[in-house]
file my_file.cif (mmCIF, C-alpha atoms and all ligand atoms)
data_input
#
loop_
_atom_site.label_atom_id
_atom_site.label_comp_id
_atom_site.auth_asym_id
_atom_site.auth_seq_id
_atom_site.Cartn_x
_atom_site.Cartn_y
_atom_site.Cartn_z
CA MET A 1 142.32 107.92 51.04
CA LYS A 2 145.51 106.35 49.71
CA ASN A 3 148.35 105.86 52.16
CA HIS A 4 151.17 107.93 50.65
CA PHE A 5 153.46 107.08 53.56
CA TYR A 6 153.72 103.37 52.79
CA GLY A 7 157.36 102.37 52.22
CA ARG A 8 158.41 106.03 52.03
CA ASP A 9 161.49 107.76 53.41
CA ILE A 10 160.73 110.72 55.66
CA VAL A 11 163.66 112.99 54.91
CA SER A 12 161.99 116.36 54.49
CA ILE A 13 158.54 117.65 55.38
CA LYS A 14 158.55 119.36 51.98
CA GLU A 15 157.72 116.00 50.40
CA PHE A 16 154.30 115.93 52.07
CA ASP A 17 151.30 118.08 51.19
CA ASN A 18 148.20 119.24 53.00
CA GLU A 19 146.30 116.05 52.12
CA ASP A 20 149.09 113.81 53.40
CA LEU A 21 149.27 115.72 56.67
CA ASP A 22 145.51 115.63 57.06
CA PHE A 23 145.61 111.86 56.47
CA LEU A 24 148.38 111.50 59.09
CA PHE A 25 146.44 113.54 61.66
CA LYS A 26 143.17 111.64 61.13
CA SER A 27 145.04 108.33 61.21
CA THR A 28 146.67 109.44 64.49
CA ASP A 29 143.23 110.08 65.98
CA LYS A 30 142.23 106.60 64.83
CA VAL A 31 145.29 104.99 66.45
CA ARG A 32 144.69 106.91 69.69
CA ASN A 33 141.20 105.41 69.83
CA MET A 34 142.25 101.83 69.10
CA GLN A 35 142.12 99.06 71.68
CA GLN A 36 145.59 98.03 72.88
CA SER A 37 145.22 94.59 71.30
CA GLU A 38 144.37 96.07 67.90
CA LYS A 39 147.18 98.63 68.14
CA ARG A 40 149.77 95.98 68.93
CA GLU A 41 149.07 94.28 65.59
CA LEU A 42 150.21 97.31 63.56
CA ALA A 43 153.91 96.45 63.81
CA ARG A 44 153.92 93.00 65.35
CA GLY A 45 157.26 91.33 64.72
CA ARG A 46 158.71 94.41 63.00
CA ILE A 47 162.02 96.01 63.92
CA LEU A 48 162.96 99.67 64.09
CA GLY A 49 166.71 100.29 63.85
CA TYR A 50 167.99 103.61 65.14
CA LEU A 51 171.28 105.43 64.82
CA PHE A 52 171.54 108.53 67.00
CA PHE A 53 174.81 110.35 66.51
CA GLU A 54 173.74 113.43 68.49
CA PRO A 55 172.22 113.74 71.95
CA SER A 56 168.51 113.06 72.22
CA THR A 57 166.01 112.33 74.95
CA ARG A 58 162.56 112.72 73.47
CA THR A 59 163.03 111.82 69.88
CA ARG A 60 164.71 108.49 70.47
CA LEU A 61 162.55 107.52 73.42
CA SER A 62 159.40 108.57 71.63
CA PHE A 63 160.29 106.45 68.59
CA GLU A 64 161.01 103.52 70.92
CA ALA A 65 157.80 104.03 72.90
CA ALA A 66 155.86 104.50 69.66
CA MET A 67 157.23 101.30 68.14
CA ALA A 68 156.50 99.35 71.35
CA SER A 69 152.94 100.70 71.43
CA ILE A 70 152.24 99.19 68.01
CA GLY A 71 153.81 95.84 68.88
CA GLY A 72 157.27 96.26 67.34
CA ILE A 73 160.71 96.41 68.86
CA SER A 74 163.65 98.79 68.52
CA ILE A 75 167.35 98.15 68.30
CA GLY A 76 170.11 100.65 67.78
CA ILE A 77 172.99 102.83 68.72
CA ALA A 78 172.63 106.05 70.65
CA ASP A 79 176.25 106.89 71.06
CA VAL A 80 178.78 107.24 68.30
CA LYS A 81 181.54 106.10 70.66
CA SER A 82 179.96 102.69 71.08
CA SER A 83 179.63 102.13 67.32
CA SER A 84 182.17 101.04 64.72
CA LEU A 85 182.16 104.60 63.36
CA GLU A 86 184.64 105.10 66.18
CA LYS A 87 186.88 102.51 64.47
CA GLY A 88 186.59 104.39 61.21
CA GLU A 89 183.60 102.68 59.63
CA SER A 90 181.78 104.96 57.21
CA LEU A 91 178.24 106.20 57.79
CA ALA A 92 177.23 104.43 54.57
CA ASP A 93 178.44 101.04 55.84
CA THR A 94 176.84 101.56 59.25
CA VAL A 95 173.53 102.36 57.55
CA ARG A 96 173.85 99.33 55.24
CA VAL A 97 174.35 97.10 58.27
CA ILE A 98 171.37 98.37 60.24
CA ASP A 99 169.39 98.07 57.00
CA GLN A 100 169.87 94.28 57.18
CA TYR A 101 168.46 94.08 60.70
CA SER A 102 165.51 96.45 60.49
CA ASP A 103 162.23 97.15 58.73
CA VAL A 104 162.56 100.91 59.20
CA ILE A 105 165.55 103.08 60.14
CA VAL A 106 165.63 106.26 62.24
CA LEU A 107 168.72 108.44 61.94
CA ARG A 108 169.97 111.55 63.75
CA ASN A 109 173.25 112.99 62.56
CA PRO A 110 175.00 116.36 62.94
CA LEU A 111 175.53 116.76 59.20
CA ASP A 112 173.12 118.56 56.90
CA GLY A 113 172.17 116.15 54.11
CA SER A 114 172.75 113.04 56.24
CA GLY A 115 169.07 112.01 56.15
CA ARG A 116 168.98 112.10 52.35
CA PHE A 117 172.30 110.29 52.14
CA ALA A 118 171.13 107.46 54.42
CA ALA A 119 167.87 107.16 52.49
CA GLU A 120 169.83 106.69 49.28
CA VAL A 121 172.07 104.04 50.82
CA ALA A 122 169.37 102.03 52.64
CA GLU A 123 166.74 99.87 51.05
CA LYS A 124 164.40 100.16 54.01
CA PRO A 125 162.56 103.41 54.67
CA VAL A 126 164.67 106.01 56.51
CA ILE A 127 163.20 108.54 58.91
CA ASN A 128 165.29 111.66 59.41
CA ALA A 129 165.22 112.43 63.14
CA GLY A 130 167.36 115.56 62.77
CA SER A 131 169.99 116.29 60.14
CA GLY A 132 172.32 119.03 61.35
CA THR A 133 170.65 122.44 61.16
CA GLU A 134 168.60 121.37 58.19
CA GLU A 135 165.39 119.56 59.12
CA HIS A 136 163.53 117.48 61.68
CA PRO A 137 160.39 116.48 59.79
CA THR A 138 158.68 114.26 62.39
CA GLN A 139 159.01 117.06 64.95
CA ALA A 140 157.11 119.33 62.54
CA MET A 141 154.44 116.65 62.03
CA LEU A 142 153.85 116.45 65.76
CA ASP A 143 154.00 120.24 66.10
CA LEU A 144 151.34 120.64 63.42
CA TYR A 145 149.23 117.89 64.99
CA THR A 146 149.48 119.66 68.37
CA ILE A 147 148.23 122.92 66.82
CA TRP A 148 145.44 121.06 65.01
CA LYS A 149 144.32 119.34 68.23
CA GLU A 150 144.70 122.26 70.59
CA LYS A 151 143.29 124.98 68.31
CA GLY A 152 140.92 122.78 66.30
CA ARG A 153 142.42 124.06 63.03
CA ILE A 154 145.60 125.41 61.53
CA ASP A 155 144.20 127.69 58.82
CA GLY A 156 143.60 131.28 59.87
CA LEU A 157 146.04 131.32 62.78
CA LYS A 158 148.78 133.81 63.61
CA ILE A 159 151.84 131.82 64.56
CA GLY A 160 155.00 133.22 66.14
CA ILE A 161 158.29 131.32 65.94
CA VAL A 162 160.80 132.66 68.43
CA GLY A 163 164.46 132.18 69.31
CA ASP A 164 167.19 130.49 67.34
CA LEU A 165 165.86 130.64 63.81
CA LYS A 166 169.29 130.28 62.28
CA TYR A 167 170.43 126.94 63.68
CA GLY A 168 167.17 125.41 64.91
CA ARG A 169 166.21 122.63 62.51
CA THR A 170 162.73 122.22 63.99
CA VAL A 171 162.04 125.78 62.85
CA TYR A 172 162.78 124.93 59.21
CA SER A 173 160.64 121.83 59.13
CA LEU A 174 157.80 123.66 60.86
CA LEU A 175 158.01 126.60 58.47
CA TYR A 176 157.99 124.34 55.40
CA GLY A 177 155.12 122.32 56.86
CA LEU A 178 153.12 125.49 57.50
CA THR A 179 153.26 126.43 53.81
CA ASN A 180 150.43 123.90 53.41
CA TYR A 181 148.11 126.16 55.40
CA ASP A 182 146.64 129.63 55.24
CA VAL A 183 148.54 131.10 58.19
CA GLU A 184 150.37 134.30 59.08
CA ILE A 185 153.88 133.65 60.38
CA HIS A 186 155.81 136.00 62.66
CA LEU A 187 159.50 135.18 63.01
CA VAL A 188 161.12 136.69 66.10
CA ALA A 189 164.91 136.56 66.50
CA PRO A 190 167.88 138.77 67.31
CA PRO A 191 169.83 139.85 64.18
CA LEU A 192 172.49 137.16 64.76
CA LEU A 193 169.90 134.39 64.78
CA LYS A 194 167.63 135.43 61.93
CA ILE A 195 166.28 132.75 59.65
CA ARG A 196 168.60 131.68 56.83
CA LYS A 197 167.76 133.57 53.67
CA GLU A 198 167.47 130.54 51.41
CA SER A 199 164.50 129.23 53.36
CA ILE A 200 162.72 132.56 53.01
CA TYR A 201 163.21 132.39 49.24
CA GLU A 202 161.83 128.89 49.34
CA VAL A 203 158.59 129.77 51.12
CA GLU A 204 158.11 133.18 49.49
CA GLY A 205 154.75 133.52 47.81
CA LYS A 206 153.41 130.43 49.58
CA ILE A 207 152.94 131.99 53.00
CA ARG A 208 152.77 135.40 54.70
CA ILE A 209 155.90 136.05 56.76
CA HIS A 210 156.85 139.00 58.99
CA GLU A 211 160.18 139.33 60.76
CA HIS A 212 160.66 141.01 64.17
CA GLU A 213 163.38 141.51 66.72
CA VAL A 214 161.16 142.45 69.65
CA LEU A 215 158.74 139.81 70.86
CA ASN A 216 156.46 142.34 72.51
CA ASP A 217 155.75 143.93 69.13
CA ILE A 218 153.63 140.98 68.16
CA LEU A 219 153.07 138.61 71.11
CA ASN A 220 149.62 139.92 72.05
CA GLU A 221 148.26 139.20 68.55
CA LEU A 222 149.45 135.60 68.36
CA ASP A 223 147.37 132.39 68.57
CA VAL A 224 150.44 130.18 68.85
CA VAL A 225 153.93 131.00 70.07
CA TYR A 226 156.58 128.39 69.25
CA VAL A 227 159.68 129.01 71.35
CA THR A 228 163.05 127.43 70.57
CA ARG A 229 166.31 126.85 72.38
CA ILE A 230 169.41 128.75 71.34
CA GLN A 231 171.53 125.97 69.82
CA ARG A 232 174.82 126.62 71.58
CA GLU A 233 176.44 123.47 70.16
CA ARG A 234 176.05 124.77 66.59
CA PHE A 235 177.72 128.15 67.12
CA PRO A 236 181.10 128.36 65.42
CA ASP A 237 182.13 130.94 68.04
CA VAL A 238 181.11 130.71 71.68
CA GLN A 239 181.37 134.49 72.12
CA GLU A 240 178.60 134.91 69.60
CA TYR A 241 176.49 132.59 71.76
CA GLU A 242 177.19 134.71 74.83
CA LYS A 243 175.79 137.75 72.99
CA VAL A 244 172.42 136.17 72.29
CA LYS A 245 171.76 133.74 75.12
CA GLY A 246 168.71 134.62 77.13
CA SER A 247 167.43 136.91 74.34
CA TYR A 248 163.80 135.97 74.93
CA VAL A 249 162.24 134.67 78.07
CA ILE A 250 158.57 133.76 78.27
CA ASP A 251 157.31 133.85 81.83
CA SER A 252 153.84 134.18 83.30
CA LYS A 253 154.21 137.97 83.45
CA VAL A 254 155.05 138.22 79.74
CA LEU A 255 151.94 136.14 79.05
CA GLU A 256 149.61 138.49 80.96
CA ASN A 257 148.60 140.61 77.98
CA THR A 258 148.36 137.80 75.47
CA LYS A 259 145.22 136.26 73.98
CA SER A 260 143.40 134.10 76.50
CA ASP A 261 143.59 131.10 74.17
CA LEU A 262 147.22 131.56 73.15
CA ILE A 263 149.19 128.31 73.24
CA VAL A 264 152.91 128.16 74.08
CA MET A 265 154.84 125.40 72.33
CA HIS A 266 158.47 124.29 72.49
CA PRO A 267 160.15 121.26 70.87
CA LEU A 268 162.20 120.84 74.10
CA PRO A 269 164.75 120.69 75.64
CA ARG A 270 164.26 124.16 77.09
CA LEU A 271 166.87 126.13 78.95
CA ASP A 272 165.65 129.46 80.30
CA GLU A 273 163.50 130.59 77.36
CA VAL A 274 160.27 129.35 78.93
CA SER A 275 160.09 129.80 82.71
CA HIS A 276 158.83 127.04 84.91
CA ASP A 277 156.07 129.32 86.17
CA VAL A 278 154.40 128.94 82.75
CA ASP A 279 154.16 125.15 83.10
CA ASN A 280 151.03 125.16 85.22
CA THR A 281 149.15 127.70 83.13
CA PRO A 282 146.61 126.45 80.57
CA LYS A 283 148.69 128.10 77.84
CA ALA A 284 151.62 125.69 78.22
CA LYS A 285 151.35 122.89 75.67
CA TYR A 286 154.92 121.60 75.43
CA PHE A 287 154.31 118.47 77.46
CA GLU A 288 151.17 117.78 75.44
CA GLN A 289 153.44 118.03 72.40
CA VAL A 290 155.60 115.26 73.84
CA SER A 291 152.57 113.05 74.37
CA TYR A 292 151.07 113.75 70.93
CA GLY A 293 154.53 113.13 69.49
CA LYS A 294 154.53 109.52 70.55
CA ASP A 295 151.13 108.94 68.92
CA VAL A 296 152.07 110.75 65.70
CA ARG A 297 155.27 108.71 65.43
CA ALA A 298 153.45 105.43 66.16
CA THR A 299 150.98 106.27 63.42
CA LEU A 300 153.68 107.31 60.99
CA LEU A 301 155.52 104.02 61.59
CA ALA A 302 152.27 102.08 61.14
CA LEU A 303 151.61 103.91 57.86
CA ILE A 304 155.15 103.31 56.59
CA LEU A 305 154.95 99.61 57.46
CA ASN A 306 151.40 98.81 56.33
CA GLU A 307 149.98 99.72 52.95
CA LYS A 308 146.41 99.14 54.07
CA PHE A 309 145.61 101.03 57.17
C1 LIG A 401 165.19 119.47 68.95
C2 LIG A 401 166.31 119.01 68.03
O1 LIG A 401 166.99 118.04 68.33
O2 LIG A 401 166.40 119.62 66.98
N1 LIG A 401 164.89 118.54 69.92
C3 LIG A 401 163.88 117.66 69.66
O3 LIG A 401 164.05 116.75 68.88
N2 LIG A 401 162.70 117.87 70.25
C4 LIG A 401 165.34 120.83 69.49
C5 LIG A 401 166.58 121.22 70.22
O4 LIG A 401 167.52 120.44 70.39
O5 LIG A 401 166.62 122.38 70.65
#
call {"tool": "encode", "arguments": {"input": "my_file.cif", "output": "structure tokens", "more": "lines below"}}
Ligand code: NCD
result
Amino acid sequence: MKNHFYGRDIVSIKEFDNEDLDFLFKSTDKVRNMQQSEKRELARGRILGYLFFEPSTRTRLSFEAAMASIGGISIGIADVKSSSLEKGESLADTVRVIDQYSDVIVLRNPLDGSGRFAAEVAEKPVINAGSGTEEHPTQAMLDLYTIWKEKGRIDGLKIGIVGDLKYGRTVYSLLYGLTNYDVEIHLVAPPLLKIRKESIYEVEGKIRIHEHEVLNDILNELDVVYVTRIQRERFPDVQEYEKVKGSYVIDSKVLENTKSDLIVMHPLPRLDEVSHDVDNTPKAKYFEQVSYGKDVRATLLALILNEKF
């Protein structure tokens, strides 16, 4: 199959269809099975340049680990205060500079639209690693891969997405990505954190969606429950945050009446929405997600950098 990722920007998951995702997943399996020496050739001598203007643990480290695993190196800035943005340099100029040093750019920025903007400014491919509340496409790719690996399929599943559906960008990318599959989606959020209407209009007719406020109304029917953190930093008013924090907590007791093969996912970081007593149950898959994430990102980088794969 043709590599549609070669030289491409990864700004939104909406730009990739079922066939592209299938190609990415199968290519990821291939990379996972490669000998180290073969893997290291995929990006030998290539440079990933990153600009992270919001906190991150996993995403940045997983891109760095991914790039190292395929023989490339990473350079970048993970703190706005240590960059010339602090001196007043524009985002456009900062992106143009890193463009000169890198073969591929990874950007995280608090502004919606920043991924698209950077992709327009840069000549090299830009990967959006989180643009405000808008999207986080590579997180959705690894989320979908995790479901595909752990459940053996995506079609036919009942998937619950729980928590901060208003500000959580991973939710939007996942929802858009899921429109490529025949799934039933259950969105669970308190009224203040319901999904933004425009995204519902966007996916309407492509996917079956049900909205709930009470997790128990649907939890025992689900095959996958994707739990998200309430995004305190994005609330315009901290009192609003106080009203909704701790709205849903998944602990081993809550999981008692669920399907035996339910999987619990979370993009991480978690606060109190998934208790630590779930971690050692076979249902917990959030650390597997982290591990799959590195492989999906390594593969994505290899596909962006090499036409023939
Ligand atoms: C997420 C993010 O940054 O959007 N983190 C991640 O990349 N796994 C989720 C979050 O911060 O809650």
call {"tool": "closest_residue", "arguments": {"input": "my_file.cif", "among": "A:Lys87, A:His136, A:Lys308, A:Lys194", "to": "Leu174 in chain A", "atoms": "all atoms listed in the file"}}
result
A:His136
call {"tool": "residues_around", "arguments": {"input": "my_file.cif", "residues": "Leu85 in chain A", "least_positions_apart": "5", "cutoff": "12 Å", "atoms": "all atoms listed in the file", "output": "list in words"}}
result
Leu51, Phe52, Phe53, Ile77, Asp79, Val80, Ser90, Leu91, Ala92, Asp93, Thr94, Val95 and Val97 of chain A
call {"tool": "closest_residue", "arguments": {"input": "my_file.cif", "among": "A:Pro55, A:Asp9, A:Tyr172, A:Arg153", "to": "Ala122 in chain A", "atoms": "only C-alpha atoms"}}
result
A:Asp9
call {"tool": "residues_near_ligand", "arguments": {"input": "my_file.cif", "ligand": "ligand LIG 401 (chain A)", "cutoff": "6 Å", "atoms": "all atoms listed in the file", "output": "PyMOL selection string"}}
result
chain A and resi 59+130+169-170+229+267-269
call {"tool": "residues_around", "arguments": {"input": "my_file.cif", "residues": "range 157-162 of chain A", "least_positions_apart": "3", "cutoff": "7 Å", "atoms": "only C-alpha atoms", "output": "ChimeraX atom specification"}}
result
/A:154,183-189,222-228
call {"tool": "write_last_selection", "arguments": {"input": "my_file.cif", "atoms": "C-alpha atoms", "output": "CSV table (one decimal), in the frame of the given file"}}
result
chain,number,residue,atom,x,y,z
A,154,ILE,CA,145.6,125.4,61.5
A,183,VAL,CA,148.5,131.1,58.2
A,184,GLU,CA,150.4,134.3,59.1
A,185,ILE,CA,153.9,133.6,60.4
A,186,HIS,CA,155.8,136.0,62.7
A,187,LEU,CA,159.5,135.2,63.0
A,188,VAL,CA,161.1,136.7,66.1
A,189,ALA,CA,164.9,136.6,66.5
A,222,LEU,CA,149.4,135.6,68.4
A,223,ASP,CA,147.4,132.4,68.6
A,224,VAL,CA,150.4,130.2,68.8
A,225,VAL,CA,153.9,131.0,70.1
A,226,TYR,CA,156.6,128.4,69.2
A,227,VAL,CA,159.7,129.0,71.4
A,228,THR,CA,163.0,127.4,70.6
call {"tool": "atom_distance", "arguments": {"input": "my_file.cif", "atom1": "CA of Glu273 in chain A", "atom2": "CA of Leu165 in chain A"}}
result
13.8 Å
call {"tool": "atom_distance", "arguments": {"input": "my_file.cif", "atom1": "CA of Asp279 in chain A", "atom2": "CA of Leu262 in chain A"}}
result
13.7 Å
call {"tool": "atom_distance", "arguments": {"input": "my_file.cif", "atom1": "CA of Gly156 in chain A", "atom2": "CA of Met141 in chain A"}}
result
18.3 Å
